[in-house]
Amino acid sequence: MNKTLETVQAGLARRRRRESRFRWYGRIAIFVSLAFLAMLIVSIVARGHKAFWQTEIAIDVFLDPEELTPPTREHLAKADLTGLIKQSLRQMFPEVRQRRRKRALYRLVSSAAPYQLRDYVLAHPDRIGQTVRLWVLAGADVDLYQKGYVDPETPESERRIKDYQIAWLRKLESEGRLVLRFNRGFFLNGDSREPEQAGIQVAFRGSLYMMVVTFALSFPLGIAAAIYLEEFAPRNNVWVDLIEININNLAAVPSIVFGLLGLAVFIGWFGLPRSTPLVGGLTLTLMTLPTVIIASRAALKAVPPSIRYAALGIGASRVQTVFHHVLPLAMPGMLTGAIIGMARALGETAPLLMIGMVAFIVDPPQSLLDPATALPVQIYLWADSPERGFVERTSAAIIVLLLFLGIMNLAAVLLRKRLERRW
Amino acid sequence: MNTVITERHTTPDLETDDHRTVGDYTLAEPRFTCRHVNVFYGDKQALFDINLDIGQREVIALIGPSGCGKSTFLRCLNRMNDIIEGCRVEGDIRLDDQDIYAKEMDPVLLRARVGMVFQKPNPFPKSIYDNVAYGPRIHGLAANRTELDEIVETSLKRAGLWKEVKDRLDHPATGLSGGQQQRLCIARTIAVNPEVVLMDEPCSALDPIATATIEQLIDELRSRYTIVIVTHSMQQAARVSQRTAYFHMGRLIEVGETTEIFTNPRHPLTEDYITGRFG
């Protein structure tokens, strides 16, 4: 046996150990990150999933013609709908006489109940004069109790829901007047002070509109800039280098600075309205653009130069070379970059605070110029609210945000697959 | 190589450090005339005072050791050096008595007249048909689909690929073998009906059988096109070319009839190279 062989063999076991150790480090790293991801998702879903359900109570309301005619929106706005609700609650529990108990009884239903009554009357004006069974939202305390957030062991004085209220709920339940229903309001309503009425419609639309604006601006602009810098701009030119350095620096600027810039330029200088998805989208475009440019340039760089030579060699102009051959090959990479930038923009809160998208807005925006909030801002607002009912809604909003992100990423993957299939 | 040279035939008064061109570089009816061509990459000079004529319908081989400037010279002929940053070409290169580096010469037009085949097969990641049709399409050479089909068919036939691919023109070109891809690239080049075809080591990435096919093809193409081929293989130069130019360290050392160069090199550097003593 010669010397080399001996030396190599002596070290072999050590080498193999090192290799397997390294493999284990990798596995552990992946396991840890997956565990954290699972923890995040499990804790959010565990906390938030109940917000997709909502307690509703059926009450028998007498649609008093005296109060409700004519059944127009203007008239009903002045009518004493709350009185009708209270009256039907009193009829359901005639034994309640004490004033404090009565107030506690009224709190079983949400303050949204009169509006639900109004909508019902507007939809069925022919029912006026009859007594109808109406499903209304339960109050926040009832909702929390029904979902099991209230520990019955807690002394009554420290609970927001009292024993006699619980007794009423049991009675309602036995009559089939108390159920958990799918919470449509969470998706259809705007923000509210009352947790049981608060929804993400405004924030969702705001985020969606902003994404549309951001994508529509940052994708073409970013690609155009990247193509120019990568394919047409002279190399080793001071100005080009300067631009390149600045783009790289911009990608690292804290997002709140972009918020200040958006405030100064779009609101201060251009005079665009505050709190609108248009301004939000423009601000996020500023933030996303450097990311898109950098990713697009990397995608262009990855296209083999032989393709360019081939096209130039048969007499294609540079623009033809880029648009016929380089761009289609770089497109999947560019899209990925754009989606990564968009995903970052979607989760961004700080710049939106600066341009006033942190407002309390109830009505969903109908256009880019109506005030709105965004999903991360809504999450921030709700997380800050003292009402117990907002805790689960915060988590539910996070779930919606994550789903939004997931759908965006999925779209990117599908789009990439489609584009790549063209070889 | 046809002949094994055992003793020096070289002109006794030539020294190896004498880099003036040996042989007659002029032709009576040239297609390209190159005079005093100097090429610089930044501060580094890559070609020194090259004078060479390239004739009609001939195959001229450019040979020489790596880094001698033969590819650089080839790329001067269709201005592919333009796209290399910091590359500067001096001197006078004329195609049919037209200065190709003149301001009014459009490189797009030039490259339509002077096609190029590259070292590594570089088909577009599109269908076989689209690869060949791309040139005619961008130059507007076909008035309608029938004409385009004809051009594609003729080009593929001339490139000797038609029989192999006629049933799968819509298949991806990247699915072809290396040799087929290179013939496809040749078909793509001749589809624009150029006057000159430049080939930059077209067989260096191919196996011997594919190489033989391409060499045969070059011989057939000679009847229609002027072909300038850069090659590392002296056997290939001897087989396919009528004239040969030997480059050494950025200088054109010797030019002449291929048979003459390979049997009776006049410059000691040429002799060293083709006998394998150097290079």
# chains A, B, ... in the order shown; residues from 1 in each chain; ligands from 1
$ interface_residues --of "chain A" --to "chain B" --cutoff "8 Å" --atoms "only C-alpha atoms" --output "list in words"
Pro234, Arg235, Ser306, Ile307, Ala310, Leu312, Gly313, Ile314, Gly315, Ala316, Ser317, His325, Arg422 and Trp423 of chain A
$ residues_around --residues "Glu257 (chain B)" --least-positions-apart "5" --cutoff "7 Å" --atoms "only C-alpha atoms" --output "ChimeraX atom specification"
/B:242-244
$ write_last_selection --atoms "N, CA, C and O atoms" --output "JSON list (two decimals), in the first residue's frame"
[["chain", "number", "residue", "atom", "x", "y", "z"],
["B", 242, "GLN", "N", -9.79, 27.14, -49.59],
["B", 242, "GLN", "CA", -8.93, 27.32, -50.74],
["B", 242, "GLN", "C", -7.73, 28.18, -50.38],
["B", 242, "GLN", "O", -6.64, 28.01, -50.89],
["B", 243, "ARG", "N", -7.99, 29.16, -49.53],
["B", 243, "ARG", "CA", -6.88, 29.99, -49.08],
["B", 243, "ARG", "C", -6.82, 29.94, -47.56],
["B", 243, "ARG", "O", -7.81, 29.69, -46.87],
["B", 244, "THR", "N", -5.63, 30.18, -47.02],
["B", 244, "THR", "CA", -5.45, 30.15, -45.58],
["B", 244, "THR", "C", -4.64, 31.37, -45.15],
["B", 244, "THR", "O", -3.72, 31.79, -45.86]]
$ closest_residue --among "A:Glu420, A:Glu173, A:Glu387, A:Glu19" --to "Leu335 (chain A)" --atoms "only C-alpha atoms"
A:Glu420
$ atom_distance --atom1 "CA of Val45 (chain A)" --atom2 "CA of Arg393 (chain A)"
10.9 Å
$ select_by_dssp --residues "region 18-261 of chain B" --states "helix (DSSP H, G or I)" --output "PyMOL selection string"
chain B and resi 70-76+80-83+107-113+128-139+145-158+162-165+173-175+178-190+208-221+234-240+258-261
